[in-house]
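This report concerns only the one structure given below.
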Amino acid sequence: MATPTPPADVGSDSEHRQLLLDLAHVPSHDEADFVIGEGNRLAFLHLIGWPNWPGPLTLLVGPPKAGKSHLARIWGERAGADAPLPAELEHLAGLGGEKPLLVEDIDRPGYDETALFHLMNQSMRDGRSLLMTAREPVANWPYATEDLKSRARLATLLLVTPAGDIELSQMLIKLFSDRQIAVDPKIIGYVASRMERSPAEAVALAELMDRLALARGTAINRAVAAEALRLRRAALGQDAGDDAEGLDWETDDE
């Protein structure tokens, strides 16, 4: 497949934000690519400990881009789990059975709470392993009845928390690896120590750095890293600071 020809240069900030280059990539959800840190270690160990769970229900809660889907796919592969659509839950509950199930984003719109309630009851009754993921704790779920929430509170609760510098560095390395891009470890460390402390921001920065580098026709270098941090801080309403400070390289790669 031919690589698109990047523009010779990118001028204004608005042009930076409106890069129209389509750099579609497929993130790896392989177990070997999962970055284990303090914020996800307990969840990872519980999931790979299947089928020796204390009960059939497990609930994985964490912010966007924290790695919940990656963890869920690791477990799904190990357990041979099905991932039904929201409209299929009531039917599956009625059929019964013990085949493991994965239900992601259970606190997002699209799920019928009666169907969820019946599925949790069936899983508890028949010993069906059911892994659920959510962004919000059970108390904040958008459901009217307490019956569903009371069942969800019986699940083993696993929290995935924001990453530290080392985990963010590992996450950036993985994100660039997914895009088949090699980045100088000094740039990775520099960005990880100055970025907003969230996995979602790592995803946004990796994509922005990739786009800026392609637009300039360069590798991801010190100028690209500094510009990406500046643009992301502006987008978040933060002080832009001096992102060139601290970049003490032996060679000029701009």
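Following the order of the structure tokens, first chain is A, next is B, and so on, with residues numbered from 1 inside each chain and ligands from 1 in the order they appear.
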Interface rows for segment 169-250 of chain A against segment 63-77 of chain A: nearest pair, Å to one decimal, 8 Å, only C-alpha atoms, as JSON lines:
{"residue": "A:Ser198", "atom": "CA", "partner": "A:Ala66", "partner_atom": "CA", "distance": 7.7}
{"residue": "A:Pro199", "atom": "CA", "partner": "A:Ala66", "partner_atom": "CA", "distance": 5.4}
{"residue": "A:Ala200", "atom": "CA", "partner": "A:Lys65", "partner_atom": "CA", "distance": 4.9}
{"residue": "A:Val203", "atom": "CA", "partner": "A:Lys65", "partner_atom": "CA", "distance": 7.6}
Which of segment 26-147 of chain A DSSP labels helix (DSSP H, G or I), written as JSON, numbers by chain: {"A": [31, 32, 33, 41, 42, 43, 44, 45, 46, 47, 48, 68, 69, 70, 71, 72, 73, 74, 75, 76, 77, 78, 79, 86, 87, 88, 89, 90, 91, 92, 93, 94, 95, 113, 114, 115, 116, 117, 118, 119, 120, 121, 122, 123, 124, 125, 126, 138, 139, 140, 146, 147]}
For the residues in that selection, give me N, CA and C atoms as a compact mmCIF listing (two decimals), in the first residue's frame.
# COMPACT_ATOMS: atom_id res chain seq x y z
N GLU A 31 -1.53 -10.47 24.87
CA GLU A 31 -1.10 -10.50 26.26
C GLU A 31 0.35 -10.07 26.40
N ALA A 32 1.20 -10.44 25.43
CA ALA A 32 2.62 -10.10 25.50
C ALA A 32 2.87 -8.60 25.43
N ASP A 33 1.91 -7.85 24.90
CA ASP A 33 2.08 -6.40 24.74
C ASP A 33 1.47 -5.61 25.88
N ARG A 41 -1.86 -4.15 38.24
CA ARG A 41 -1.28 -5.48 38.56
C ARG A 41 -2.31 -6.43 39.17
N LEU A 42 -3.08 -5.96 40.15
CA LEU A 42 -4.06 -6.83 40.79
C LEU A 42 -5.12 -7.31 39.79
N ALA A 43 -5.56 -6.39 38.93
CA ALA A 43 -6.55 -6.78 37.92
C ALA A 43 -5.98 -7.84 36.98
N PHE A 44 -4.75 -7.63 36.55
CA PHE A 44 -4.12 -8.58 35.63
C PHE A 44 -3.98 -9.95 36.29
N LEU A 45 -3.51 -9.98 37.53
CA LEU A 45 -3.31 -11.26 38.20
C LEU A 45 -4.64 -11.99 38.43
N HIS A 46 -5.67 -11.23 38.75
CA HIS A 46 -6.99 -11.86 38.94
C HIS A 46 -7.48 -12.48 37.63
N LEU A 47 -7.35 -11.73 36.54
CA LEU A 47 -7.90 -12.20 35.27
C LEU A 47 -7.15 -13.42 34.74
N ILE A 48 -5.82 -13.42 34.87
CA ILE A 48 -5.10 -14.59 34.37
C ILE A 48 -5.22 -15.77 35.34
N LYS A 68 -8.57 -1.17 30.15
CA LYS A 68 -9.63 -2.12 30.48
C LYS A 68 -9.91 -3.08 29.33
N SER A 69 -10.00 -2.53 28.12
CA SER A 69 -10.30 -3.39 26.96
C SER A 69 -9.17 -4.37 26.69
N HIS A 70 -7.93 -3.91 26.87
CA HIS A 70 -6.80 -4.80 26.67
C HIS A 70 -6.85 -5.95 27.68
N LEU A 71 -7.08 -5.62 28.94
CA LEU A 71 -7.22 -6.66 29.96
C LEU A 71 -8.38 -7.61 29.64
N ALA A 72 -9.50 -7.03 29.21
CA ALA A 72 -10.68 -7.84 28.90
C ALA A 72 -10.40 -8.80 27.75
N ARG A 73 -9.68 -8.32 26.73
CA ARG A 73 -9.38 -9.19 25.58
C ARG A 73 -8.41 -10.29 25.97
N ILE A 74 -7.46 -9.98 26.87
CA ILE A 74 -6.55 -11.01 27.35
C ILE A 74 -7.34 -12.13 28.03
N TRP A 75 -8.27 -11.72 28.93
CA TRP A 75 -9.08 -12.72 29.61
C TRP A 75 -9.98 -13.46 28.62
N GLY A 76 -10.59 -12.73 27.69
CA GLY A 76 -11.49 -13.35 26.73
C GLY A 76 -10.79 -14.41 25.91
N GLU A 77 -9.54 -14.14 25.53
CA GLU A 77 -8.77 -15.12 24.76
C GLU A 77 -8.46 -16.35 25.61
N ARG A 78 -8.06 -16.12 26.86
CA ARG A 78 -7.74 -17.24 27.75
C ARG A 78 -8.97 -18.09 28.05
N ALA A 79 -10.11 -17.42 28.28
CA ALA A 79 -11.32 -18.12 28.72
C ALA A 79 -12.16 -18.63 27.56
N PRO A 86 -25.46 -5.88 23.11
CA PRO A 86 -26.46 -5.57 24.15
C PRO A 86 -27.81 -6.24 23.91
N ALA A 87 -28.23 -6.33 22.65
CA ALA A 87 -29.54 -6.90 22.34
C ALA A 87 -29.60 -8.41 22.56
N GLU A 88 -28.45 -9.04 22.74
CA GLU A 88 -28.41 -10.50 22.89
C GLU A 88 -28.43 -10.96 24.35
N LEU A 89 -28.31 -10.04 25.29
CA LEU A 89 -28.12 -10.44 26.69
C LEU A 89 -29.33 -11.17 27.26
N GLU A 90 -30.53 -10.67 26.99
CA GLU A 90 -31.74 -11.29 27.53
C GLU A 90 -31.88 -12.72 27.00
N HIS A 91 -31.62 -12.89 25.72
CA HIS A 91 -31.72 -14.22 25.11
C HIS A 91 -30.71 -15.17 25.74
N LEU A 92 -29.48 -14.72 25.94
CA LEU A 92 -28.45 -15.57 26.53
C LEU A 92 -28.80 -15.95 27.96
N ALA A 93 -29.35 -14.98 28.71
CA ALA A 93 -29.77 -15.28 30.08
C ALA A 93 -30.83 -16.36 30.10
N GLY A 94 -31.76 -16.29 29.14
CA GLY A 94 -32.82 -17.29 29.06
C GLY A 94 -32.31 -18.66 28.66
N LEU A 95 -31.30 -18.69 27.78
CA LEU A 95 -30.74 -19.97 27.35
C LEU A 95 -29.96 -20.66 28.47
N GLU A 113 -31.47 -2.58 31.38
CA GLU A 113 -31.09 -2.99 32.73
C GLU A 113 -31.75 -4.28 33.16
N THR A 114 -32.93 -4.56 32.64
CA THR A 114 -33.57 -5.84 32.98
C THR A 114 -32.78 -7.00 32.41
N ALA A 115 -32.29 -6.84 31.17
CA ALA A 115 -31.48 -7.89 30.55
C ALA A 115 -30.18 -8.10 31.32
N LEU A 116 -29.55 -7.00 31.75
CA LEU A 116 -28.33 -7.11 32.54
C LEU A 116 -28.60 -7.81 33.86
N PHE A 117 -29.69 -7.45 34.50
CA PHE A 117 -30.06 -8.06 35.77
C PHE A 117 -30.25 -9.56 35.62
N HIS A 118 -30.98 -9.96 34.58
CA HIS A 118 -31.23 -11.39 34.35
C HIS A 118 -29.94 -12.13 34.03
N LEU A 119 -29.05 -11.49 33.27
CA LEU A 119 -27.79 -12.15 32.93
C LEU A 119 -26.91 -12.35 34.17
N MET A 120 -26.85 -11.34 35.03
CA MET A 120 -26.06 -11.49 36.26
C MET A 120 -26.65 -12.58 37.14
N ASN A 121 -27.98 -12.62 37.27
CA ASN A 121 -28.62 -13.68 38.06
C ASN A 121 -28.30 -15.06 37.49
N GLN A 122 -28.41 -15.19 36.17
CA GLN A 122 -28.14 -16.48 35.53
C GLN A 122 -26.68 -16.89 35.73
N SER A 123 -25.77 -15.92 35.62
CA SER A 123 -24.36 -16.23 35.80
C SER A 123 -24.08 -16.72 37.22
N MET A 124 -24.70 -16.08 38.20
CA MET A 124 -24.51 -16.48 39.59
C MET A 124 -25.15 -17.85 39.85
N ARG A 125 -26.30 -18.08 39.24
CA ARG A 125 -27.01 -19.35 39.47
C ARG A 125 -26.28 -20.53 38.84
N ASP A 126 -25.78 -20.34 37.60
CA ASP A 126 -25.19 -21.45 36.86
C ASP A 126 -23.66 -21.47 36.90
N VAL A 138 -20.23 1.57 40.47
CA VAL A 138 -21.62 1.12 40.37
C VAL A 138 -22.60 2.20 40.79
N ALA A 139 -22.27 2.97 41.81
CA ALA A 139 -23.19 4.00 42.31
C ALA A 139 -23.55 5.03 41.25
N ASN A 140 -22.68 5.21 40.26
CA ASN A 140 -22.92 6.23 39.23
C ASN A 140 -23.52 5.67 37.95
N GLU A 146 -32.37 -0.36 41.95
CA GLU A 146 -31.26 -0.79 42.78
C GLU A 146 -30.97 -2.27 42.65
N ASP A 147 -31.92 -3.04 42.08
CA ASP A 147 -31.70 -4.48 41.95
C ASP A 147 -30.47 -4.79 41.12
Backbone-only DSSP, strand (DSSP E) members of segment 18-134 of chain A, as JSON, numbers by chain: {"A": [57, 58, 59, 60, 61, 101, 102, 103, 130, 131, 132, 133, 134]}
Writing out the chosen residues with N, CA and C atoms as a tab-separated table (two decimals), in the first residue's frame:
chain	number	residue	atom	x	y	z
A	57	LEU	N	-18.84	-13.46	38.96
A	57	LEU	CA	-18.90	-12.09	38.45
A	57	LEU	C	-17.62	-11.32	38.77
A	58	THR	N	-17.09	-10.63	37.76
A	58	THR	CA	-15.96	-9.74	37.96
A	58	THR	C	-16.25	-8.42	37.27
A	59	LEU	N	-15.97	-7.31	37.95
A	59	LEU	CA	-16.21	-5.97	37.41
A	59	LEU	C	-14.89	-5.21	37.38
A	60	LEU	N	-14.52	-4.75	36.19
A	60	LEU	CA	-13.29	-3.99	35.99
A	60	LEU	C	-13.66	-2.53	35.76
A	61	VAL	N	-13.20	-1.63	36.64
A	61	VAL	CA	-13.57	-0.22	36.58
A	61	VAL	C	-12.31	0.64	36.43
A	101	LEU	N	-18.62	-15.07	29.42
A	101	LEU	CA	-19.08	-13.92	28.65
A	101	LEU	C	-18.31	-12.66	29.06
A	102	LEU	N	-18.10	-11.79	28.09
A	102	LEU	CA	-17.48	-10.48	28.31
A	102	LEU	C	-18.46	-9.40	27.89
A	103	VAL	N	-18.78	-8.49	28.82
A	103	VAL	CA	-19.69	-7.38	28.54
A	103	VAL	C	-18.94	-6.09	28.87
A	130	LEU	N	-18.55	-14.16	34.17
A	130	LEU	CA	-18.99	-12.96	33.48
A	130	LEU	C	-18.05	-11.81	33.86
A	131	LEU	N	-17.29	-11.31	32.88
A	131	LEU	CA	-16.44	-10.15	33.10
A	131	LEU	C	-17.10	-8.92	32.52
A	132	MET	N	-17.27	-7.89	33.36
A	132	MET	CA	-17.88	-6.64	32.93
A	132	MET	C	-16.86	-5.52	33.11
A	133	THR	N	-16.90	-4.54	32.20
A	133	THR	CA	-16.04	-3.36	32.35
A	133	THR	C	-16.92	-2.11	32.41
A	134	ALA	N	-16.42	-1.09	33.11
A	134	ALA	CA	-17.17	0.16	33.25
A	134	ALA	C	-16.19	1.30	33.52
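Closest to Arg153 of chain A among A:Leu168, A:Pro137, A:Arg233, A:Trp50 is A:Pro137, based on only C-alpha atoms.
One finds atom CA of Thr161 of chain A at 18.4 Å from atom CA of Leu175 of chain A.
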Atom CA of Ser129 of chain A to atom CA of Ala81 of chain A, straight-line distance in Å: 8.7 Å
Selection: 8 Å around Leu205 of chain A, only C-alpha atoms, excl. self and same-chain fewer than 4 positions, as a PyMOL selection string: chain A and resi 201+209+228-229+232
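Atom pair atom CA of Arg128 of chain A / atom CA of Pro56 of chain A: separated by 5.8 Å.
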